[in-house]
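Shown next: structure-v2.cif, given as mmCIF, N, CA and C atoms and all ligand atoms.
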data_start
#
loop_
_atom_site.label_atom_id
_atom_site.label_comp_id
_atom_site.auth_asym_id
_atom_site.auth_seq_id
_atom_site.Cartn_x
_atom_site.Cartn_y
_atom_site.Cartn_z
N MET A 1 -18.36 -18.93 82.06
CA MET A 1 -17.76 -19.51 83.26
C MET A 1 -18.18 -20.97 83.38
N VAL A 2 -17.23 -21.83 83.64
CA VAL A 2 -17.55 -23.25 83.81
C VAL A 2 -17.55 -23.58 85.28
N CYS A 3 -18.62 -24.15 85.77
CA CYS A 3 -18.63 -24.60 87.16
C CYS A 3 -19.19 -26.01 87.20
N CYS A 4 -18.86 -26.70 88.25
CA CYS A 4 -19.29 -28.10 88.39
C CYS A 4 -20.53 -28.18 89.26
N CYS A 5 -21.25 -29.26 89.07
CA CYS A 5 -22.38 -29.58 89.92
C CYS A 5 -21.85 -29.94 91.31
N ALA A 6 -22.53 -29.47 92.36
CA ALA A 6 -22.09 -29.71 93.74
C ALA A 6 -22.54 -31.07 94.26
N PHE A 7 -23.34 -31.79 93.47
CA PHE A 7 -23.85 -33.07 93.95
C PHE A 7 -22.71 -34.08 94.03
N PRO A 8 -22.60 -34.83 95.14
CA PRO A 8 -21.49 -35.77 95.29
C PRO A 8 -21.41 -36.77 94.14
N GLY A 9 -20.25 -36.84 93.52
CA GLY A 9 -20.03 -37.81 92.46
C GLY A 9 -20.51 -37.37 91.09
N CYS A 10 -21.19 -36.23 91.00
CA CYS A 10 -21.71 -35.78 89.70
C CYS A 10 -20.63 -35.01 88.96
N ALA A 11 -20.43 -35.35 87.71
CA ALA A 11 -19.36 -34.72 86.93
C ALA A 11 -19.92 -33.73 85.91
N ASN A 12 -21.21 -33.43 86.00
CA ASN A 12 -21.78 -32.50 85.02
C ASN A 12 -21.23 -31.10 85.22
N ARG A 13 -20.92 -30.44 84.12
CA ARG A 13 -20.37 -29.10 84.18
C ARG A 13 -21.29 -28.14 83.45
N ALA A 14 -21.31 -26.92 83.94
CA ALA A 14 -22.11 -25.88 83.28
C ALA A 14 -21.27 -25.27 82.17
N ASN A 15 -21.49 -25.73 80.97
CA ASN A 15 -20.84 -25.10 79.83
C ASN A 15 -21.86 -24.97 78.71
N SER A 16 -21.47 -24.35 77.65
CA SER A 16 -22.47 -23.98 76.65
C SER A 16 -23.12 -25.18 75.97
N TRP A 17 -22.45 -26.32 75.98
CA TRP A 17 -23.05 -27.48 75.32
C TRP A 17 -23.71 -28.44 76.32
N SER A 18 -23.73 -28.07 77.58
CA SER A 18 -24.34 -28.95 78.57
C SER A 18 -25.85 -29.00 78.38
N PRO A 19 -26.45 -30.20 78.41
CA PRO A 19 -27.91 -30.30 78.31
C PRO A 19 -28.59 -30.00 79.64
N TYR A 20 -27.82 -29.76 80.68
CA TYR A 20 -28.38 -29.58 82.01
C TYR A 20 -28.57 -28.12 82.37
N ARG A 21 -29.54 -27.89 83.24
CA ARG A 21 -29.72 -26.58 83.86
C ARG A 21 -28.97 -26.63 85.18
N PHE A 22 -28.50 -25.50 85.62
CA PHE A 22 -27.80 -25.45 86.91
C PHE A 22 -28.51 -24.50 87.85
N HIS A 23 -28.79 -25.01 89.05
CA HIS A 23 -29.59 -24.25 90.01
C HIS A 23 -28.76 -23.86 91.22
N ARG A 24 -29.01 -22.63 91.70
CA ARG A 24 -28.33 -22.17 92.92
C ARG A 24 -28.93 -22.84 94.14
N ILE A 25 -28.13 -22.96 95.17
CA ILE A 25 -28.63 -23.45 96.45
C ILE A 25 -29.49 -22.34 97.06
N PRO A 26 -30.70 -22.68 97.53
CA PRO A 26 -31.58 -21.65 98.10
C PRO A 26 -30.97 -21.08 99.38
N LEU A 27 -30.75 -19.78 99.42
CA LEU A 27 -30.09 -19.18 100.58
C LEU A 27 -31.08 -18.54 101.54
N ALA A 28 -32.22 -18.11 101.04
CA ALA A 28 -33.16 -17.36 101.88
C ALA A 28 -33.89 -18.24 102.88
N ASP A 29 -34.21 -19.46 102.48
CA ASP A 29 -34.99 -20.35 103.33
C ASP A 29 -34.05 -21.29 104.08
N LEU A 30 -33.89 -21.07 105.38
CA LEU A 30 -32.91 -21.84 106.16
C LEU A 30 -33.22 -23.34 106.14
N HIS A 31 -34.49 -23.69 106.35
CA HIS A 31 -34.86 -25.10 106.40
C HIS A 31 -34.56 -25.78 105.06
N LEU A 32 -34.95 -25.12 103.98
CA LEU A 32 -34.73 -25.68 102.65
C LEU A 32 -33.24 -25.79 102.35
N ARG A 33 -32.51 -24.77 102.78
CA ARG A 33 -31.06 -24.78 102.54
C ARG A 33 -30.41 -25.95 103.27
N MET A 34 -30.85 -26.22 104.48
CA MET A 34 -30.29 -27.35 105.24
C MET A 34 -30.63 -28.68 104.58
N LEU A 35 -31.83 -28.77 104.01
CA LEU A 35 -32.20 -29.99 103.29
C LEU A 35 -31.27 -30.21 102.09
N TRP A 36 -31.05 -29.13 101.34
CA TRP A 36 -30.16 -29.23 100.17
C TRP A 36 -28.76 -29.66 100.61
N LEU A 37 -28.26 -29.03 101.69
CA LEU A 37 -26.90 -29.32 102.12
C LEU A 37 -26.77 -30.75 102.62
N SER A 38 -27.82 -31.27 103.26
CA SER A 38 -27.71 -32.65 103.72
C SER A 38 -27.72 -33.61 102.54
N VAL A 39 -28.50 -33.29 101.49
CA VAL A 39 -28.49 -34.12 100.29
C VAL A 39 -27.11 -34.05 99.61
N LEU A 40 -26.51 -32.87 99.66
CA LEU A 40 -25.19 -32.68 99.04
C LEU A 40 -24.06 -33.16 99.94
N ARG A 41 -24.43 -33.71 101.10
CA ARG A 41 -23.46 -34.20 102.09
C ARG A 41 -22.48 -33.10 102.49
N MET A 42 -23.03 -31.92 102.69
CA MET A 42 -22.22 -30.80 103.15
C MET A 42 -22.64 -30.43 104.56
N ASP A 43 -21.79 -29.69 105.25
CA ASP A 43 -22.10 -29.20 106.59
C ASP A 43 -23.29 -28.24 106.49
N VAL A 44 -24.35 -28.55 107.24
CA VAL A 44 -25.55 -27.70 107.16
C VAL A 44 -25.31 -26.30 107.73
N ASN A 45 -24.20 -26.14 108.43
CA ASN A 45 -23.88 -24.82 108.99
C ASN A 45 -22.92 -24.02 108.09
N THR A 46 -22.70 -24.51 106.88
CA THR A 46 -21.86 -23.76 105.95
C THR A 46 -22.44 -22.38 105.73
N PRO A 47 -21.64 -21.33 105.91
CA PRO A 47 -22.19 -19.98 105.74
C PRO A 47 -22.69 -19.74 104.31
N PRO A 48 -23.83 -19.05 104.18
CA PRO A 48 -24.41 -18.82 102.85
C PRO A 48 -23.42 -18.18 101.88
N ALA A 49 -22.53 -17.33 102.39
CA ALA A 49 -21.60 -16.64 101.51
C ALA A 49 -20.75 -17.63 100.71
N SER A 50 -20.42 -18.76 101.32
CA SER A 50 -19.58 -19.71 100.60
C SER A 50 -20.39 -20.69 99.76
N LEU A 51 -21.71 -20.50 99.74
CA LEU A 51 -22.57 -21.37 98.91
C LEU A 51 -22.99 -20.68 97.62
N LYS A 52 -22.71 -19.38 97.55
CA LYS A 52 -23.23 -18.60 96.42
C LYS A 52 -22.75 -19.10 95.07
N HIS A 53 -21.54 -19.64 95.04
CA HIS A 53 -20.99 -20.05 93.76
C HIS A 53 -21.37 -21.48 93.40
N LEU A 54 -22.00 -22.20 94.32
CA LEU A 54 -22.32 -23.60 94.07
C LEU A 54 -23.60 -23.75 93.23
N ARG A 55 -23.61 -24.77 92.42
CA ARG A 55 -24.78 -25.06 91.59
C ARG A 55 -25.07 -26.54 91.66
N VAL A 56 -26.34 -26.89 91.48
CA VAL A 56 -26.75 -28.29 91.38
C VAL A 56 -27.44 -28.46 90.04
N CYS A 57 -27.04 -29.48 89.30
CA CYS A 57 -27.57 -29.61 87.94
C CYS A 57 -28.94 -30.28 87.93
N SER A 58 -29.61 -30.15 86.80
CA SER A 58 -31.00 -30.60 86.68
C SER A 58 -31.13 -32.12 86.66
N ALA A 59 -30.01 -32.85 86.62
CA ALA A 59 -30.10 -34.31 86.64
C ALA A 59 -30.66 -34.82 87.97
N HIS A 60 -30.62 -33.97 88.99
CA HIS A 60 -31.05 -34.40 90.33
C HIS A 60 -32.47 -33.94 90.67
N PHE A 61 -33.17 -33.46 89.67
CA PHE A 61 -34.56 -33.03 89.89
C PHE A 61 -35.46 -33.77 88.91
N THR A 62 -36.70 -33.95 89.31
CA THR A 62 -37.67 -34.57 88.42
C THR A 62 -38.53 -33.48 87.79
N ASP A 63 -39.30 -33.86 86.80
CA ASP A 63 -40.20 -32.88 86.16
C ASP A 63 -41.13 -32.26 87.19
N ASP A 64 -41.47 -33.04 88.22
CA ASP A 64 -42.39 -32.54 89.25
C ASP A 64 -41.78 -31.42 90.07
N ASP A 65 -40.46 -31.31 90.05
CA ASP A 65 -39.80 -30.26 90.83
C ASP A 65 -39.86 -28.90 90.13
N TYR A 66 -40.27 -28.91 88.88
CA TYR A 66 -40.31 -27.66 88.13
C TYR A 66 -41.70 -27.08 88.05
N ILE A 67 -41.75 -25.77 87.93
CA ILE A 67 -43.03 -25.10 87.77
C ILE A 67 -43.45 -25.25 86.31
N GLY A 68 -44.41 -26.15 86.09
CA GLY A 68 -44.85 -26.42 84.72
C GLY A 68 -43.68 -26.84 83.86
N LYS A 69 -43.77 -26.64 82.60
CA LYS A 69 -42.66 -26.92 81.72
C LYS A 69 -42.31 -25.64 80.96
N ARG A 70 -42.85 -24.52 81.46
CA ARG A 70 -42.63 -23.25 80.76
C ARG A 70 -41.24 -22.73 81.06
N GLU A 71 -40.67 -22.12 80.09
CA GLU A 71 -39.37 -21.48 80.27
C GLU A 71 -39.59 -19.98 80.28
N ASN A 72 -38.79 -19.27 81.07
CA ASN A 72 -38.92 -17.83 81.08
C ASN A 72 -38.16 -17.23 79.89
N SER A 73 -38.04 -15.92 79.88
CA SER A 73 -37.46 -15.26 78.71
C SER A 73 -36.01 -15.64 78.48
N LYS A 74 -35.33 -16.08 79.53
CA LYS A 74 -33.94 -16.49 79.37
C LYS A 74 -33.83 -17.98 79.04
N GLY A 75 -34.96 -18.65 78.89
CA GLY A 75 -34.93 -20.07 78.58
C GLY A 75 -34.63 -20.91 79.81
N GLN A 76 -34.86 -20.35 81.00
CA GLN A 76 -34.58 -21.10 82.23
C GLN A 76 -35.86 -21.69 82.79
N LEU A 77 -35.76 -22.92 83.27
CA LEU A 77 -36.88 -23.53 83.96
C LEU A 77 -36.77 -23.16 85.43
N HIS A 78 -37.90 -22.90 86.04
CA HIS A 78 -37.88 -22.54 87.46
C HIS A 78 -38.26 -23.71 88.35
N LEU A 79 -37.48 -23.90 89.40
CA LEU A 79 -37.81 -24.92 90.38
C LEU A 79 -38.94 -24.43 91.27
N LYS A 80 -39.73 -25.36 91.75
CA LYS A 80 -40.73 -25.01 92.75
C LYS A 80 -40.03 -24.55 94.02
N ASP A 81 -40.75 -23.78 94.85
CA ASP A 81 -40.14 -23.19 96.05
C ASP A 81 -39.53 -24.23 96.98
N HIS A 82 -40.13 -25.41 97.02
CA HIS A 82 -39.66 -26.39 98.00
C HIS A 82 -38.98 -27.59 97.35
N ALA A 83 -38.53 -27.42 96.12
CA ALA A 83 -37.84 -28.52 95.43
C ALA A 83 -36.50 -28.80 96.10
N VAL A 84 -36.20 -30.07 96.27
CA VAL A 84 -34.94 -30.50 96.87
C VAL A 84 -34.33 -31.53 95.91
N PRO A 85 -33.00 -31.48 95.71
CA PRO A 85 -32.39 -32.45 94.81
C PRO A 85 -32.66 -33.88 95.27
N SER A 86 -32.80 -34.80 94.35
CA SER A 86 -32.99 -36.21 94.69
C SER A 86 -31.65 -36.80 95.10
N PHE A 87 -31.73 -37.87 95.88
CA PHE A 87 -30.51 -38.50 96.35
C PHE A 87 -29.76 -39.22 95.22
N SER A 88 -30.48 -39.66 94.22
CA SER A 88 -29.80 -40.38 93.15
C SER A 88 -30.14 -39.75 91.81
N LEU A 89 -29.27 -40.00 90.86
CA LEU A 89 -29.49 -39.49 89.52
C LEU A 89 -30.57 -40.30 88.82
N LYS A 90 -31.30 -39.62 87.95
CA LYS A 90 -32.20 -40.36 87.09
C LYS A 90 -31.35 -41.13 86.10
N LYS A 91 -31.61 -42.39 85.96
CA LYS A 91 -30.78 -43.22 85.07
C LYS A 91 -30.73 -42.64 83.65
N SER A 92 -31.87 -42.15 83.20
CA SER A 92 -31.94 -41.68 81.83
C SER A 92 -31.07 -40.44 81.60
N ASP A 93 -30.66 -39.80 82.68
CA ASP A 93 -29.89 -38.57 82.54
C ASP A 93 -28.39 -38.79 82.67
N ILE A 94 -27.98 -40.02 82.83
CA ILE A 94 -26.56 -40.28 83.00
C ILE A 94 -25.95 -40.63 81.64
N CYS A 95 -25.04 -39.81 81.20
CA CYS A 95 -24.37 -40.17 79.95
C CYS A 95 -23.31 -41.21 80.28
N HIS A 96 -22.80 -41.85 79.27
CA HIS A 96 -21.90 -42.96 79.51
C HIS A 96 -20.68 -42.54 80.33
N SER A 97 -20.07 -41.42 79.98
CA SER A 97 -18.86 -41.01 80.68
C SER A 97 -19.15 -40.59 82.12
N CYS A 98 -20.29 -39.90 82.34
CA CYS A 98 -20.64 -39.49 83.70
C CYS A 98 -20.91 -40.73 84.56
N HIS A 99 -21.57 -41.71 83.96
CA HIS A 99 -21.88 -42.93 84.67
C HIS A 99 -20.59 -43.58 85.15
N TRP A 100 -19.60 -43.57 84.29
CA TRP A 100 -18.32 -44.16 84.65
C TRP A 100 -17.70 -43.41 85.82
N ILE A 101 -17.76 -42.09 85.75
CA ILE A 101 -17.16 -41.28 86.82
C ILE A 101 -17.91 -41.50 88.13
N LEU A 102 -19.24 -41.57 88.03
CA LEU A 102 -20.06 -41.76 89.22
C LEU A 102 -19.68 -43.02 89.99
N PHE A 103 -19.46 -44.09 89.28
CA PHE A 103 -19.26 -45.36 89.96
C PHE A 103 -17.79 -45.72 90.15
N SER A 104 -16.89 -44.88 89.67
CA SER A 104 -15.49 -45.16 89.88
C SER A 104 -14.92 -44.31 91.01
N THR A 105 -15.70 -43.32 91.47
CA THR A 105 -15.26 -42.54 92.62
C THR A 105 -16.14 -42.95 93.79
N LYS A 106 -15.62 -42.85 94.96
CA LYS A 106 -16.43 -43.27 96.13
C LYS A 106 -17.59 -42.31 96.27
ZN ZN A 201 -25.25 -32.92 88.89
#

If you took the structure in this file and wrote it as structure tokens, what would it be?
Ligand SMILES: [Zn+2]
Amino acid sequence: MVCCCAFPGCANRANSWSPYRFHRIPLADLHLRMLWLSVLRMDVNTPPASLKHLRVCSAHFTDDDYIGKRENSKGQLHLKDHAVPSFSLKKSDICHSCHWILFSTK
């Protein structure tokens, strides 16, 4: 299944060749969920049911947001409990085409 990153202006897609990890929006923690939604410029009152399919890619997190650098058995890195996406992309993580898309859309 291919899905897009929910971060405004980000064109990263979850597909088999993507170098990015895709993270679900935290639904259990209301405060954390509202922080994520405000960073994503979404309505903080969006019902959790309609957030289940959304993902945010790893370009918006720093190494400090992850628990160590260990991967679990599925090869997934885990975010810390209180990790929140950064407002801007790390420059090093922007590929040329994504960079173009980022700055050509409002
Ligand atoms: Zn993204």

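Residue nearest A:His23, chosen from A:Asp43, A:Ala6, A:Ser38, A:Cys57 and counting only N, CA and C atoms: A:Cys57.
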
| field | Within 7 Å of ligand ZN 201 (chain A) (only C-alpha atoms and all ligand atoms), residues as a VMD selection string | value | chain A and resid 5 to 7 10 to 12 56 to 60

Interatomic distance between atom CA of A:Asp29 and atom N of A:Asn45?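 Computing the Euclidean distance for atom CA of A:Asp29 and atom N of A:Asn45 yields 13.3 Å.
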
Expressed in Å, the length from atom CA of A:His53 to atom CA of A:Leu79 is 17.8 Å

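Taking atom CA of A:His78 as the reference point, atom C of A:Asp65 is found at 7.2 Å.
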
field: Contact residues around A:Pro85 with only N, CA and C atoms at 7 Å, ignoring same-chain residues under 3 positions, as a list in words
entry: Leu35, Trp36, Val39, His60, Phe61 and Ser88 of chain A

Just so I have it separately, write stretch 23-67 of chain A from the block I sent, keeping N, CA and C atoms, as an mmCIF file, in the first residue's frame.
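And here's decode10.cif as it stands now:
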data_model
loop_
_atom_site.group_PDB
_atom_site.id
_atom_site.type_symbol
_atom_site.label_atom_id
_atom_site.label_comp_id
_atom_site.auth_asym_id
_atom_site.auth_seq_id
_atom_site.Cartn_x
_atom_site.Cartn_y
_atom_site.Cartn_z
ATOM 1 N N HIS A 23 5.549 6.845 10.384
ATOM 2 C CA HIS A 23 5.043 6.681 11.745
ATOM 3 C C HIS A 23 3.578 7.096 11.844
ATOM 4 N N ARG A 24 2.821 6.324 12.634
ATOM 5 C CA ARG A 24 1.415 6.665 12.871
ATOM 6 C C ARG A 24 1.317 7.852 13.818
ATOM 7 N N ILE A 25 0.241 8.584 13.693
ATOM 8 C CA ILE A 25 -0.039 9.656 14.645
ATOM 9 C C ILE A 25 -0.457 9.007 15.967
ATOM 10 N N PRO A 26 0.135 9.444 17.086
ATOM 11 C CA PRO A 26 -0.213 8.833 18.379
ATOM 12 C C PRO A 26 -1.672 9.121 18.729
ATOM 13 N N LEU A 27 -2.458 8.079 18.943
ATOM 14 C CA LEU A 27 -3.885 8.273 19.198
ATOM 15 C C LEU A 27 -4.223 8.201 20.676
ATOM 16 N N ALA A 28 -3.430 7.468 21.445
ATOM 17 C CA ALA A 28 -3.774 7.229 22.844
ATOM 18 C C ALA A 28 -3.549 8.455 23.719
ATOM 19 N N ASP A 29 -2.511 9.217 23.423
ATOM 20 C CA ASP A 29 -2.155 10.361 24.258
ATOM 21 C C ASP A 29 -2.740 11.632 23.646
ATOM 22 N N LEU A 30 -3.772 12.183 24.269
ATOM 23 C CA LEU A 30 -4.481 13.336 23.702
ATOM 24 C C LEU A 30 -3.558 14.539 23.519
ATOM 25 N N HIS A 31 -2.761 14.839 24.549
ATOM 26 C CA HIS A 31 -1.888 16.009 24.476
ATOM 27 C C HIS A 31 -0.877 15.853 23.337
ATOM 28 N N LEU A 32 -0.280 14.682 23.256
ATOM 29 C CA LEU A 32 0.715 14.431 22.214
ATOM 30 C C LEU A 32 0.067 14.477 20.830
ATOM 31 N N ARG A 33 -1.138 13.925 20.760
ATOM 32 C CA ARG A 33 -1.847 13.923 19.470
ATOM 33 C C ARG A 33 -2.127 15.346 19.015
ATOM 34 N N MET A 34 -2.508 16.214 19.939
ATOM 35 C CA MET A 34 -2.781 17.609 19.586
ATOM 36 C C MET A 34 -1.506 18.322 19.135
ATOM 37 N N LEU A 35 -0.382 17.982 19.764
ATOM 38 C CA LEU A 35 0.895 18.567 19.341
ATOM 39 C C LEU A 35 1.214 18.158 17.900
ATOM 40 N N TRP A 36 1.035 16.872 17.620
ATOM 41 C CA TRP A 36 1.302 16.385 16.258
ATOM 42 C C TRP A 36 0.390 17.094 15.259
ATOM 43 N N LEU A 37 -0.896 17.211 15.606
ATOM 44 C CA LEU A 37 -1.851 17.800 14.668
ATOM 45 C C LEU A 37 -1.548 19.276 14.433
ATOM 46 N N SER A 38 -1.076 19.972 15.469
ATOM 47 C CA SER A 38 -0.768 21.385 15.252
ATOM 48 C C SER A 38 0.463 21.520 14.363
ATOM 49 N N VAL A 39 1.442 20.617 14.517
ATOM 50 C CA VAL A 39 2.606 20.642 13.629
ATOM 51 C C VAL A 39 2.178 20.318 12.192
ATOM 52 N N LEU A 40 1.219 19.420 12.060
ATOM 53 C CA LEU A 40 0.738 19.030 10.725
ATOM 54 C C LEU A 40 -0.279 20.020 10.172
ATOM 55 N N ARG A 41 -0.534 21.081 10.945
ATOM 56 C CA ARG A 41 -1.504 22.119 10.560
ATOM 57 C C ARG A 41 -2.877 21.510 10.296
ATOM 58 N N MET A 42 -3.253 20.593 11.165
ATOM 59 C CA MET A 42 -4.574 19.990 11.070
ATOM 60 C C MET A 42 -5.403 20.425 12.268
ATOM 61 N N ASP A 43 -6.714 20.263 12.153
ATOM 62 C CA ASP A 43 -7.617 20.567 13.259
ATOM 63 C C ASP A 43 -7.320 19.622 14.420
ATOM 64 N N VAL A 44 -7.014 20.203 15.587
ATOM 65 C CA VAL A 44 -6.658 19.355 16.734
ATOM 66 C C VAL A 44 -7.846 18.532 17.229
ATOM 67 N N ASN A 45 -9.034 18.875 16.761
ATOM 68 C CA ASN A 45 -10.223 18.115 17.167
ATOM 69 C C ASN A 45 -10.607 17.041 16.150
ATOM 70 N N THR A 46 -9.730 16.790 15.192
ATOM 71 C CA THR A 46 -9.999 15.732 14.224
ATOM 72 C C THR A 46 -10.186 14.411 14.959
ATOM 73 N N PRO A 47 -11.285 13.704 14.703
ATOM 74 C CA PRO A 47 -11.507 12.447 15.428
ATOM 75 C C PRO A 47 -10.415 11.419 15.124
ATOM 76 N N PRO A 48 -9.979 10.681 16.151
ATOM 77 C CA PRO A 48 -8.896 9.705 15.966
ATOM 78 C C PRO A 48 -9.176 8.716 14.838
ATOM 79 N N ALA A 49 -10.448 8.376 14.636
ATOM 80 C CA ALA A 49 -10.771 7.387 13.613
ATOM 81 C C ALA A 49 -10.289 7.834 12.229
ATOM 82 N N SER A 50 -10.328 9.142 11.985
ATOM 83 C CA SER A 50 -9.910 9.599 10.665
ATOM 84 C C SER A 50 -8.407 9.876 10.596
ATOM 85 N N LEU A 51 -7.701 9.598 11.691
ATOM 86 C CA LEU A 51 -6.243 9.793 11.692
ATOM 87 C C LEU A 51 -5.495 8.477 11.524
ATOM 88 N N LYS A 52 -6.247 7.382 11.629
ATOM 89 C CA LYS A 52 -5.595 6.069 11.655
ATOM 90 C C LYS A 52 -4.776 5.777 10.411
ATOM 91 N N HIS A 53 -5.218 6.306 9.284
ATOM 92 C CA HIS A 53 -4.529 5.985 8.040
ATOM 93 C C HIS A 53 -3.371 6.944 7.761
ATOM 94 N N LEU A 54 -3.238 7.991 8.561
ATOM 95 C CA LEU A 54 -2.201 8.989 8.288
ATOM 96 C C LEU A 54 -0.836 8.541 8.821
ATOM 97 N N ARG A 55 0.187 8.937 8.112
ATOM 98 C CA ARG A 55 1.549 8.625 8.526
ATOM 99 C C ARG A 55 2.405 9.868 8.380
ATOM 100 N N VAL A 56 3.447 9.950 9.209
ATOM 101 C CA VAL A 56 4.431 11.026 9.095
ATOM 102 C C VAL A 56 5.787 10.369 8.880
ATOM 103 N N CYS A 57 6.515 10.839 7.888
ATOM 104 C CA CYS A 57 7.767 10.151 7.545
ATOM 105 C C CYS A 57 8.916 10.588 8.450
ATOM 106 N N SER A 58 9.968 9.798 8.421
ATOM 107 C CA SER A 58 11.092 9.987 9.337
ATOM 108 C C SER A 58 11.920 11.224 9.016
ATOM 109 N N ALA A 59 11.638 11.904 7.894
ATOM 110 C CA ALA A 59 12.382 13.123 7.573
ATOM 111 C C ALA A 59 12.111 14.229 8.590
ATOM 112 N N HIS A 60 11.025 14.091 9.345
ATOM 113 C CA HIS A 60 10.636 15.150 10.281
ATOM 114 C C HIS A 60 11.036 14.843 11.720
ATOM 115 N N PHE A 61 11.868 13.833 11.882
ATOM 116 C CA PHE A 61 12.343 13.484 13.221
ATOM 117 C C PHE A 61 13.864 13.480 13.217
ATOM 118 N N THR A 62 14.435 13.750 14.367
ATOM 119 C CA THR A 62 15.887 13.691 14.494
ATOM 120 C C THR A 62 16.269 12.367 15.147
ATOM 121 N N ASP A 63 17.545 12.064 15.130
ATOM 122 C CA ASP A 63 18.012 10.835 15.778
ATOM 123 C C ASP A 63 17.611 10.803 17.247
ATOM 124 N N ASP A 64 17.534 11.991 17.854
ATOM 125 C CA ASP A 64 17.180 12.069 19.272
ATOM 126 C C ASP A 64 15.745 11.648 19.535
ATOM 127 N N ASP A 65 14.921 11.657 18.496
ATOM 128 C CA ASP A 65 13.521 11.271 18.677
ATOM 129 C C ASP A 65 13.339 9.749 18.732
ATOM 130 N N TYR A 66 14.389 9.032 18.390
ATOM 131 C CA TYR A 66 14.279 7.578 18.362
ATOM 132 C C TYR A 66 14.881 6.938 19.595
ATOM 133 N N ILE A 67 14.357 5.784 19.929
ATOM 134 C CA ILE A 67 14.897 5.031 21.052
ATOM 135 C C ILE A 67 16.150 4.320 20.565
#
